[in-house]
file data-v2.tsv (TSV, C-alpha atoms)
chain	number	residue	atom	x	y	z
D	1	MET	CA	-17.45	-20.29	-18.57
D	2	THR	CA	-17.25	-18.21	-21.73
D	3	VAL	CA	-14.80	-15.53	-22.82
D	4	THR	CA	-16.00	-12.64	-24.97
D	5	SER	CA	-13.60	-10.53	-27.00
D	6	PRO	CA	-14.24	-6.76	-27.38
D	7	SER	CA	-15.28	-7.15	-31.02
D	8	ARG	CA	-18.04	-9.63	-30.10
D	9	THR	CA	-19.79	-7.80	-27.25
D	10	ARG	CA	-23.56	-7.97	-27.58
D	11	THR	CA	-24.20	-4.35	-26.70
D	12	GLY	CA	-21.85	-3.11	-29.35
D	13	LYS	CA	-20.33	-0.61	-26.93
D	14	ARG	CA	-16.63	0.02	-27.13
D	15	PRO	CA	-14.75	-1.45	-24.15
D	16	LEU	CA	-12.59	0.71	-21.88
D	17	THR	CA	-9.41	-0.81	-23.34
D	18	ARG	CA	-8.81	-2.58	-26.58
D	19	THR	CA	-7.33	-5.62	-24.85
D	20	SER	CA	-10.01	-6.26	-22.22
D	21	ARG	CA	-11.95	-9.53	-22.18
D	22	THR	CA	-15.28	-10.28	-20.54
D	23	VAL	CA	-15.65	-13.65	-18.82
D	24	ARG	CA	-19.16	-14.96	-18.07
D	25	THR	CA	-19.76	-17.97	-15.85
D	26	ARG	CA	-22.68	-20.39	-16.09
D	27	GLY	CA	-23.95	-19.02	-12.78
D	28	GLY	CA	-24.64	-15.64	-14.36
D	29	LEU	CA	-21.57	-13.85	-13.00
D	30	SER	CA	-19.38	-11.82	-15.31
D	31	PHE	CA	-16.10	-10.01	-14.87
D	32	ARG	CA	-13.64	-8.26	-17.10
D	33	ILE	CA	-10.02	-9.34	-17.55
D	34	GLU	CA	-7.28	-7.20	-19.01
D	35	PRO	CA	-4.52	-9.58	-20.18
D	36	ARG	CA	-1.68	-7.06	-19.83
D	37	ALA	CA	-2.75	-6.07	-16.30
D	38	LEU	CA	-3.16	-9.74	-15.35
D	39	LEU	CA	0.27	-10.63	-16.75
D	40	ALA	CA	1.88	-7.67	-14.99
D	41	SER	CA	0.30	-8.68	-11.67
D	42	LEU	CA	1.48	-12.28	-12.04
D	43	LEU	CA	5.02	-11.16	-12.88
D	44	LEU	CA	5.05	-8.84	-9.86
D	45	VAL	CA	3.88	-11.65	-7.59
D	46	ALA	CA	6.62	-13.91	-8.97
D	47	ALA	CA	9.23	-11.18	-8.47
D	48	ALA	CA	8.07	-10.53	-4.90
D	49	LEU	CA	8.15	-14.23	-3.99
D	50	ALA	CA	11.56	-14.71	-5.61
D	51	MET	CA	12.98	-11.74	-3.72
D	52	GLY	CA	11.38	-13.10	-0.56
D	53	VAL	CA	13.30	-16.35	-1.00
D	54	VAL	CA	16.52	-14.39	-1.55
D	55	LEU	CA	15.83	-12.32	1.59
D	56	ILE	CA	15.23	-15.44	3.68
D	57	GLY	CA	18.54	-16.87	2.51
D	58	SER	CA	20.50	-13.66	3.28
D	59	GLY	CA	22.15	-12.84	6.58
D	60	ASP	CA	24.83	-14.08	8.96
D	61	PHE	CA	23.78	-17.66	8.21
D	62	PRO	CA	23.52	-17.61	4.39
D	63	MET	CA	21.42	-20.20	2.61
D	64	SER	CA	20.96	-20.97	-1.06
D	65	PRO	CA	17.48	-20.51	-2.61
D	66	ALA	CA	17.23	-24.30	-2.98
D	67	ASP	CA	17.92	-24.77	0.75
D	68	VAL	CA	15.34	-22.09	1.59
D	69	VAL	CA	12.68	-23.77	-0.53
D	70	ARG	CA	13.58	-27.19	0.87
D	71	THR	CA	13.31	-25.86	4.43
D	72	LEU	CA	9.98	-24.18	3.71
D	73	LEU	CA	8.70	-27.54	2.49
D	74	GLY	CA	9.74	-29.12	5.80
D	75	ASN	CA	12.88	-30.92	4.63
D	76	GLY	CA	15.54	-28.73	6.26
D	77	THR	CA	17.78	-29.38	9.26
D	78	ALA	CA	16.76	-28.29	12.76
D	79	SER	CA	18.97	-25.18	12.61
D	80	GLN	CA	17.64	-24.26	9.18
D	81	GLU	CA	14.06	-24.73	10.37
D	82	PHE	CA	14.64	-22.38	13.32
D	83	ILE	CA	16.40	-19.69	11.28
D	84	VAL	CA	13.89	-19.76	8.44
D	85	THR	CA	10.55	-20.20	10.18
D	86	GLU	CA	11.22	-18.33	13.43
D	87	LEU	CA	13.60	-15.54	12.41
D	88	ARG	CA	13.42	-14.68	8.72
D	89	VAL	CA	10.06	-15.72	7.30
D	90	PRO	CA	8.04	-13.46	9.67
D	91	ARG	CA	10.01	-10.39	8.54
D	92	VAL	CA	9.45	-11.22	4.87
D	93	VAL	CA	5.74	-11.87	5.48
D	94	VAL	CA	5.41	-8.53	7.26
D	95	ALA	CA	7.24	-6.79	4.40
D	96	LEU	CA	4.95	-8.35	1.77
D	97	LEU	CA	1.78	-7.54	3.71
D	98	VAL	CA	2.81	-3.99	4.61
D	99	GLY	CA	3.72	-3.29	0.99
D	100	ALA	CA	0.44	-4.78	-0.26
D	101	ALA	CA	-1.57	-2.75	2.27
D	102	LEU	CA	0.23	0.47	1.35
D	103	GLY	CA	-0.26	-0.17	-2.38
D	104	ALA	CA	-3.99	-0.86	-1.98
D	105	SER	CA	-4.52	2.14	0.29
D	106	GLY	CA	-2.61	4.46	-2.04
D	107	ALA	CA	-4.56	3.30	-5.09
D	108	VAL	CA	-7.91	3.83	-3.35
D	109	PHE	CA	-7.15	7.35	-2.13
D	110	GLN	CA	-5.55	8.45	-5.39
D	111	SER	CA	-8.57	7.19	-7.29
D	112	ILE	CA	-11.14	8.73	-4.93
D	113	SER	CA	-9.35	12.08	-4.88
D	114	ARG	CA	-8.59	11.80	-8.64
D	115	ASN	CA	-5.17	13.18	-7.78
D	116	PRO	CA	-1.81	11.34	-7.84
D	117	LEU	CA	-0.82	13.32	-4.72
D	118	GLY	CA	-3.87	12.05	-2.83
D	119	SER	CA	-1.73	9.44	-1.10
D	120	PRO	CA	-2.27	8.50	2.58
D	121	ASP	CA	1.23	9.63	3.55
D	122	VAL	CA	0.60	13.03	1.92
D	123	ILE	CA	-2.89	13.74	3.26
D	124	GLY	CA	-2.08	13.13	6.89
D	125	PHE	CA	-2.75	9.50	7.79
D	126	GLY	CA	0.91	8.63	8.28
D	127	GLN	CA	1.38	11.75	10.41
D	128	GLY	CA	-1.71	10.80	12.42
D	129	ALA	CA	-0.30	7.36	13.16
D	130	THR	CA	3.02	8.96	14.13
D	131	ALA	CA	1.24	11.37	16.48
D	132	GLY	CA	-0.53	8.47	18.17
D	133	ALA	CA	2.71	6.53	18.58
D	134	LEU	CA	4.63	9.58	19.86
D	135	THR	CA	1.89	10.34	22.38
D	136	VAL	CA	2.23	6.85	23.81
D	137	ILE	CA	6.06	7.01	23.83
D	138	VAL	CA	6.50	10.52	25.23
D	139	LEU	CA	3.51	10.98	27.54
D	140	PHE	CA	2.76	7.43	28.70
D	141	LYS	CA	6.14	5.64	28.33
D	142	GLY	CA	4.29	2.76	26.68
D	143	ASN	CA	5.82	-0.51	25.53
D	144	ALA	CA	5.90	-1.79	21.94
D	145	VAL	CA	2.34	-3.13	22.08
D	146	ALA	CA	1.01	0.17	23.40
D	147	VAL	CA	2.92	2.08	20.70
D	148	THR	CA	1.32	-0.13	18.06
D	149	GLY	CA	-2.10	0.55	19.53
D	150	GLY	CA	-1.38	4.28	19.67
D	151	ALA	CA	-0.40	4.34	16.01
D	152	LEU	CA	-3.58	2.48	15.09
D	153	VAL	CA	-5.82	4.82	17.07
D	154	GLY	CA	-4.02	7.92	15.78
D	155	CYS	CA	-4.45	6.87	12.17
D	156	LEU	CA	-8.15	6.03	12.61
D	157	LEU	CA	-8.88	9.33	14.39
D	158	THR	CA	-7.08	11.22	11.63
D	159	GLY	CA	-9.07	9.39	8.97
D	160	ALA	CA	-12.36	10.20	10.71
D	161	ALA	CA	-11.39	13.86	11.16
D	162	VAL	CA	-10.31	14.28	7.52
D	163	TYR	CA	-13.48	12.60	6.28
D	164	PHE	CA	-15.87	14.76	8.31
D	165	LEU	CA	-13.94	17.99	7.66
D	166	ALA	CA	-13.98	17.25	3.92
D	167	TRP	CA	-17.71	16.43	3.97
D	168	LYS	CA	-20.02	18.93	2.29
D	169	ARG	CA	-22.89	17.14	0.59
D	170	GLY	CA	-20.38	14.40	-0.16
D	171	VAL	CA	-16.59	14.07	-0.13
D	172	HIS	CA	-14.97	15.46	-3.26
D	173	GLY	CA	-11.40	14.79	-4.28
D	174	PHE	CA	-9.99	18.32	-4.35
D	175	ARG	CA	-11.44	19.15	-0.93
D	176	LEU	CA	-10.19	15.84	0.48
D	177	VAL	CA	-6.62	16.58	-0.64
D	178	LEU	CA	-6.68	20.14	0.73
D	179	VAL	CA	-8.09	19.07	4.10
D	180	GLY	CA	-5.61	16.19	4.25
D	181	ILE	CA	-2.61	18.42	3.52
D	182	GLY	CA	-3.78	20.83	6.23
D	183	ALA	CA	-4.17	17.97	8.69
D	184	ALA	CA	-0.71	16.67	7.77
D	185	ALA	CA	0.84	20.08	8.47
D	186	MET	CA	-0.85	20.36	11.87
D	187	LEU	CA	0.06	16.83	12.87
D	188	THR	CA	3.67	17.34	11.76
D	189	ALA	CA	3.87	20.38	14.04
D	190	LEU	CA	2.38	18.33	16.89
D	191	ASN	CA	4.93	15.56	16.30
D	192	HIS	CA	7.81	18.03	16.41
D	193	TYR	CA	6.44	19.50	19.64
D	194	LEU	CA	6.23	16.05	21.23
D	195	ILE	CA	9.84	15.34	20.21
D	196	THR	CA	11.00	18.55	21.90
D	197	LYS	CA	9.23	17.54	25.13
D	198	ALA	CA	10.71	14.02	25.17
D	199	SER	CA	13.72	12.84	27.12
D	200	ILE	CA	16.80	11.83	25.13
D	201	VAL	CA	15.90	8.14	25.48
D	202	ASP	CA	12.30	8.63	24.37
D	203	ALA	CA	13.36	10.97	21.55
D	204	THR	CA	15.79	8.35	20.23
D	205	ARG	CA	13.15	5.65	20.48
D	206	ALA	CA	10.59	7.87	18.72
D	207	THR	CA	13.02	8.78	15.93
D	208	VAL	CA	13.74	5.12	15.25
D	209	TRP	CA	10.03	4.35	15.09
D	210	MET	CA	9.33	7.36	12.81
D	211	THR	CA	11.93	6.14	10.28
D	212	GLY	CA	10.00	2.96	9.52
D	213	SER	CA	11.76	-0.36	9.98
D	214	LEU	CA	11.22	-4.11	9.67
D	215	ASP	CA	13.95	-5.06	12.14
D	216	GLY	CA	12.75	-7.48	14.80
D	217	ARG	CA	9.33	-7.99	13.23
D	218	GLY	CA	7.91	-11.43	14.04
D	219	TRP	CA	4.75	-13.47	13.94
D	220	GLU	CA	3.14	-11.21	16.57
D	221	GLN	CA	3.05	-8.46	13.92
D	222	ALA	CA	2.46	-10.78	10.96
D	223	TRP	CA	-0.72	-12.56	12.14
D	224	PRO	CA	-2.86	-9.44	12.89
D	225	LEU	CA	-1.64	-7.86	9.67
D	226	LEU	CA	-2.46	-11.00	7.70
D	227	GLY	CA	-5.96	-11.16	9.19
D	228	MET	CA	-6.74	-7.56	8.27
D	229	CYS	CA	-5.33	-7.92	4.75
D	230	VAL	CA	-7.28	-11.13	4.10
D	231	VAL	CA	-10.50	-9.29	4.92
D	232	LEU	CA	-9.85	-5.79	3.59
D	233	ILE	CA	-7.93	-6.31	0.34
D	234	PRO	CA	-10.60	-8.58	-1.23
D	235	LEU	CA	-13.22	-6.07	-0.06
D	236	VAL	CA	-11.34	-3.28	-1.85
D	237	LEU	CA	-10.81	-5.38	-4.99
D	238	GLY	CA	-14.52	-6.24	-5.02
D	239	HIS	CA	-15.37	-2.53	-5.31
D	240	GLY	CA	-12.94	-1.97	-8.18
D	241	ARG	CA	-15.68	-1.74	-10.81
D	242	SER	CA	-17.62	0.86	-8.80
D	243	LEU	CA	-14.41	2.80	-8.18
D	244	ARG	CA	-13.71	2.89	-11.92
D	245	MET	CA	-17.21	4.27	-12.57
D	246	MET	CA	-16.76	6.91	-9.85
D	247	GLU	CA	-13.68	8.21	-11.67
D	248	MET	CA	-16.05	9.39	-14.42
D	249	GLY	CA	-17.78	11.65	-11.90
D	250	ASP	CA	-20.43	11.21	-9.23
D	251	ASP	CA	-23.35	11.99	-11.55
D	252	ALA	CA	-22.25	9.43	-14.13
D	253	ALA	CA	-21.70	6.83	-11.39
D	254	TYR	CA	-25.17	7.51	-9.94
D	255	ALA	CA	-26.65	7.10	-13.42
D	256	LEU	CA	-24.91	3.72	-13.76
D	257	GLY	CA	-26.42	2.50	-10.48
D	258	VAL	CA	-23.49	3.02	-8.11
D	259	SER	CA	-24.31	4.08	-4.55
D	260	VAL	CA	-21.51	6.62	-4.57
D	261	GLU	CA	-21.41	7.73	-0.94
D	262	ARG	CA	-21.77	4.20	0.44
D	263	VAL	CA	-19.01	2.86	-1.83
D	264	ARG	CA	-16.77	5.84	-1.05
D	265	LEU	CA	-17.26	5.38	2.71
D	266	VAL	CA	-16.55	1.63	2.54
D	267	LEU	CA	-13.43	2.14	0.43
D	268	MET	CA	-12.08	5.00	2.54
D	269	LEU	CA	-12.67	3.08	5.77
D	270	SER	CA	-10.95	0.01	4.32
D	271	ALA	CA	-8.02	2.08	3.04
D	272	VAL	CA	-7.61	3.87	6.39
D	273	LEU	CA	-7.62	0.53	8.24
D	274	LEU	CA	-5.02	-0.84	5.82
D	275	ILE	CA	-2.68	2.13	6.25
D	276	ALA	CA	-3.29	2.00	10.01
D	277	VAL	CA	-2.33	-1.65	10.46
D	278	ALA	CA	0.63	-1.28	8.08
D	279	THR	CA	1.95	1.73	9.99
D	280	ALA	CA	1.33	0.05	13.33
D	281	ALA	CA	3.35	-2.98	12.19
D	282	ALA	CA	6.37	-1.27	10.64
D	283	GLY	CA	6.15	2.46	11.30
D	284	PRO	CA	5.51	5.16	8.68
D	285	ILE	CA	7.20	3.93	5.48
D	286	ALA	CA	7.35	6.73	2.94
D	287	PHE	CA	6.58	6.80	-0.77
D	288	VAL	CA	5.31	3.21	-1.25
D	289	ALA	CA	1.64	4.25	-1.11
D	290	LEU	CA	2.44	7.22	-3.37
D	291	SER	CA	4.53	5.51	-6.02
D	292	ALA	CA	3.09	1.96	-6.21
D	293	PRO	CA	-0.21	2.94	-7.95
D	294	GLN	CA	1.63	5.19	-10.41
D	295	LEU	CA	4.19	2.54	-11.28
D	296	ALA	CA	1.41	-0.05	-11.63
D	297	ARG	CA	-0.50	2.23	-13.98
D	298	ARG	CA	2.58	2.72	-16.16
D	299	LEU	CA	3.23	-1.02	-16.19
D	300	THR	CA	-0.31	-2.11	-17.06
D	301	ARG	CA	-1.12	0.89	-19.32
D	302	SER	CA	-4.67	0.45	-18.15
D	303	PRO	CA	-7.15	3.12	-17.01
D	304	GLY	CA	-8.69	3.06	-13.57
D	305	ALA	CA	-7.27	2.43	-10.13
D	306	ASN	CA	-5.37	-0.78	-11.07
D	307	LEU	CA	-6.04	-2.12	-7.59
D	308	ALA	CA	-4.65	-5.64	-8.02
D	309	ALA	CA	-1.50	-4.44	-9.77
D	310	SER	CA	-1.00	-1.74	-7.11
D	311	VAL	CA	-1.23	-4.35	-4.34
D	312	CYS	CA	1.38	-6.52	-6.09
D	313	MET	CA	3.59	-3.52	-6.87
D	314	GLY	CA	3.55	-2.34	-3.26
D	315	ALA	CA	4.58	-5.77	-1.97
D	316	THR	CA	7.33	-6.04	-4.59
D	317	LEU	CA	8.71	-2.57	-3.87
D	318	LEU	CA	8.95	-3.18	-0.15
D	319	VAL	CA	10.73	-6.55	-0.33
D	320	PHE	CA	13.22	-5.10	-2.84
D	321	ALA	CA	13.72	-2.07	-0.56
D	322	ASP	CA	14.26	-4.37	2.43
D	323	TRP	CA	16.87	-6.35	0.49
D	324	ILE	CA	18.70	-3.10	-0.34
D	325	ALA	CA	18.40	-2.04	3.32
D	326	GLN	CA	20.05	-5.27	4.44
D	327	GLN	CA	22.65	-5.63	1.69
D	328	GLY	CA	23.29	-2.02	0.58
D	329	LEU	CA	26.04	-1.41	3.11
D	330	SER	CA	28.38	-4.23	4.00
D	331	ASP	CA	28.84	-3.35	7.69
D	332	THR	CA	25.41	-2.11	8.76
D	333	GLN	CA	21.71	-2.38	7.99
D	334	LEU	CA	19.54	0.61	7.15
D	335	PRO	CA	15.90	1.02	8.21
D	336	VAL	CA	13.74	0.19	5.21
D	337	GLY	CA	12.07	3.61	5.51
D	338	VAL	CA	15.38	5.26	4.60
D	339	VAL	CA	15.63	3.18	1.41
D	340	THR	CA	12.03	3.85	0.35
D	341	GLY	CA	12.60	7.56	0.98
D	342	VAL	CA	15.66	7.60	-1.29
D	343	LEU	CA	13.95	5.54	-3.99
D	344	GLY	CA	10.83	7.71	-3.77
D	345	GLY	CA	12.88	10.86	-4.17
D	346	CYS	CA	14.60	9.42	-7.24
D	347	TYR	CA	11.21	8.42	-8.66
D	348	LEU	CA	9.76	11.92	-8.17
D	349	LEU	CA	12.86	13.47	-9.79
D	350	TRP	CA	12.54	11.12	-12.77
D	351	LEU	CA	8.81	11.91	-13.01
D	352	LEU	CA	9.45	15.66	-13.01
D	353	VAL	CA	12.08	15.36	-15.76
D	354	THR	CA	9.82	13.10	-17.85
D	355	GLU	CA	6.79	15.37	-17.51
D	356	ARG	CA	8.88	18.45	-18.31
D	357	LYS	CA	10.28	16.84	-21.46
D	358	ALA	CA	6.73	15.92	-22.49
D	359	GLY	CA	5.67	19.55	-22.02
D	360	ARG	CA	3.02	18.77	-19.41
D	361	ILE	CA	4.62	20.96	-16.69
call {"tool": "encode", "arguments": {"input": "data-v2.tsv", "output": "structure tokens"}}
result
Amino acid sequence: MTVTSPSRTRTGKRPLTRTSRTVRTRGGLSFRIEPRALLASLLLVAAALAMGVVLIGSGDFPMSPADVVRTLLGNGTASQEFIVTELRVPRVVVALLVGAALGASGAVFQSISRNPLGSPDVIGFGQGATAGALTVIVLFKGNAVAVTGGALVGCLLTGAAVYFLAWKRGVHGFRLVLVGIGAAAMLTALNHYLITKASIVDATRATVWMTGSLDGRGWEQAWPLLGMCVVLIPLVLGHGRSLRMMEMGDDAAYALGVSVERVRLVLMLSAVLLIAVATAAAGPIAFVALSAPQLARRLTRSPGANLAASVCMGATLLVFADWIAQQGLSDTQLPVGVVTGVLGGCYLLWLLVTERKAGRI
């Protein structure tokens, strides 16, 4: 394996960033590494895992981080084993996977649409999943499994509808955002109509689901989510180079050998599936898909979609938000969707003030 610095590239072309490095293996494979982005991703992973350990040790039966680690390694008492592996670890695993899926999905859609507002929860996918879940709750009185299936189907149907409505000799970013915002408005109206037709019990149940929560999440949610993330996130990361080329425009990407429509379809389908399984597992959690790619970009200071950093940032944001949801108020726990909504609002306010001071708005 060899590492090539930017000043020693054979083609003499200037790299995309001054700090990027190209690694070539003896098998003929090559890939580019950006040290700052790699370091940021590693730090985010460490922060997410550390907060996961703190979360596992928090609750009515508090445990020190050392006890948590010892129990995870199989050296805890019987009570510690039950509390950690059966009650608390599944919730933390679901939080990490949901956050990672939201971060990856948000980065893909923002990059494809070339718009920071092209987030799945802005262009209608979250509302589509909510419509599917509400239909099952209000019209069919379905159980938790059926509600999960309804959310999954609603999100996939919304993704297909937005894709085909935005298609006109290809899917372009501006049209995708406009169609998505229109779909979100229509689905929001449908969701409100379903709430008005529901009984008080169903309306309460639907409102709790629409808030987004990790309460009661167990291995039955974690295993399907883990399976989808293991398949889809590497698939998305593998198309990162093509996605970066597509940000220069379709014509430039075609000229560089990228099959634009095929790559766009694969990435959009993967991103829709990720947002669908995440929403089905924990409900519509706001602002993570919107803010994680932007925060990752600011942290890495690197151009492009920053897919790996966005995945790590999404997971980190959600476990921190879940810790605040559990520990923010001494006598009650908040749904994690409430915390992400508050943090997302603060982030947007800070972004508006920063952009205004910089004279960009």
call {"tool": "residues_around", "arguments": {"input": "data-v2.tsv", "residues": "range 51-64 of chain D", "least_positions_apart": "5", "cutoff": "10 Å", "atoms": "all atoms listed in the file", "output": "list in words"}}
result
Val45, Ala46, Val69, Arg70, Leu72, Ser79, Gln80, Ile83, Val84, Thr85, Leu87, Arg88, Val89, Pro90, Arg91, Val92, Val93, Ala95, Leu96, Thr316, Val319, Phe320, Asp322, Trp323, Ile324, Gln326 and Gln327 of chain D
call {"tool": "atom_distance", "arguments": {"input": "data-v2.tsv", "atom1": "CA of Ala100 in chain D", "atom2": "CA of Arg24 in chain D"}}
result
28.4 Å
call {"tool": "closest_residue", "arguments": {"input": "data-v2.tsv", "among": "D:Thr354, D:Val153, D:Ala271, D:Phe174", "to": "Cys229 in chain D", "atoms": "all atoms listed in the file"}}
result
D:Ala271
call {"tool": "closest_residue", "arguments": {"input": "data-v2.tsv", "among": "D:Cys155, D:Ala101, D:Ala321, D:Val122", "to": "Val179 in chain D", "atoms": "all atoms listed in the file"}}
result
D:Val122
call {"tool": "residues_around", "arguments": {"input": "data-v2.tsv", "residues": "His172 in chain D", "least_positions_apart": "3", "cutoff": "7 Å", "atoms": "all atoms listed in the file", "output": "JSON, numbers by chain"}}
result
{"D": [113, 175, 176]}
call {"tool": "residues_around", "arguments": {"input": "data-v2.tsv", "residues": "Ala289 in chain D", "least_positions_apart": "5", "cutoff": "12 Å", "atoms": "all atoms listed in the file", "output": "PyMOL selection string"}}
result
chain D and resi 98-110+116-123+125-126+271-272+274-275+278-279+284+294-296+307+310-315+317-318+340-341+344
call {"tool": "closest_residue", "arguments": {"input": "data-v2.tsv", "among": "D:Ile233, D:Val138, D:Ala78, D:Leu157", "to": "Ile200 in chain D", "atoms": "all atoms listed in the file"}}
result
D:Val138
call {"tool": "closest_residue", "arguments": {"input": "data-v2.tsv", "among": "D:Ala305, D:Ala133, D:Leu38, D:Ala183", "to": "Met246 in chain D", "atoms": "only C-alpha atoms"}}
result
D:Ala305
call {"tool": "atom_distance", "arguments": {"input": "data-v2.tsv", "atom1": "CA of Pro303 in chain D", "atom2": "CA of Leu352 in chain D"}}
result
21.2 Å
call {"tool": "atom_distance", "arguments": {"input": "data-v2.tsv", "atom1": "CA of Val258 in chain D", "atom2": "CA of Lys168 in chain D"}}
result
19.3 Å
call {"tool": "closest_residue", "arguments": {"input": "data-v2.tsv", "among": "D:Ile181, D:Ala222, D:Leu267, D:Ala280", "to": "Ser242 in chain D", "atoms": "all atoms listed in the file"}}
result
D:Leu267
call {"tool": "closest_residue", "arguments": {"input": "data-v2.tsv", "among": "D:Val171, D:Leu290, D:Leu44, D:Arg298", "to": "Ile112 in chain D", "atoms": "all atoms listed in the file"}}
result
D:Val171
call {"tool": "residues_near_point", "arguments": {"input": "data-v2.tsv", "point": "(10.9, 8.3, 20.6)", "cutoff": "10 Å", "atoms": "all atoms listed in the file", "output": "tab-separated table (two decimals) with C-alpha atoms, in the coordinates of the input"}}
result
chain	number	residue	atom	x	y	z
D	133	ALA	CA	2.71	6.53	18.58
D	134	LEU	CA	4.63	9.58	19.86
D	135	THR	CA	1.89	10.34	22.38
D	136	VAL	CA	2.23	6.85	23.81
D	137	ILE	CA	6.06	7.01	23.83
D	138	VAL	CA	6.50	10.52	25.23
D	141	LYS	CA	6.14	5.64	28.33
D	194	LEU	CA	6.23	16.05	21.23
D	195	ILE	CA	9.84	15.34	20.21
D	198	ALA	CA	10.71	14.02	25.17
D	199	SER	CA	13.72	12.84	27.12
D	200	ILE	CA	16.80	11.83	25.13
D	201	VAL	CA	15.90	8.14	25.48
D	202	ASP	CA	12.30	8.63	24.37
D	203	ALA	CA	13.36	10.97	21.55
D	204	THR	CA	15.79	8.35	20.23
D	205	ARG	CA	13.15	5.65	20.48
D	206	ALA	CA	10.59	7.87	18.72
D	207	THR	CA	13.02	8.78	15.93
D	208	VAL	CA	13.74	5.12	15.25
D	209	TRP	CA	10.03	4.35	15.09
D	210	MET	CA	9.33	7.36	12.81
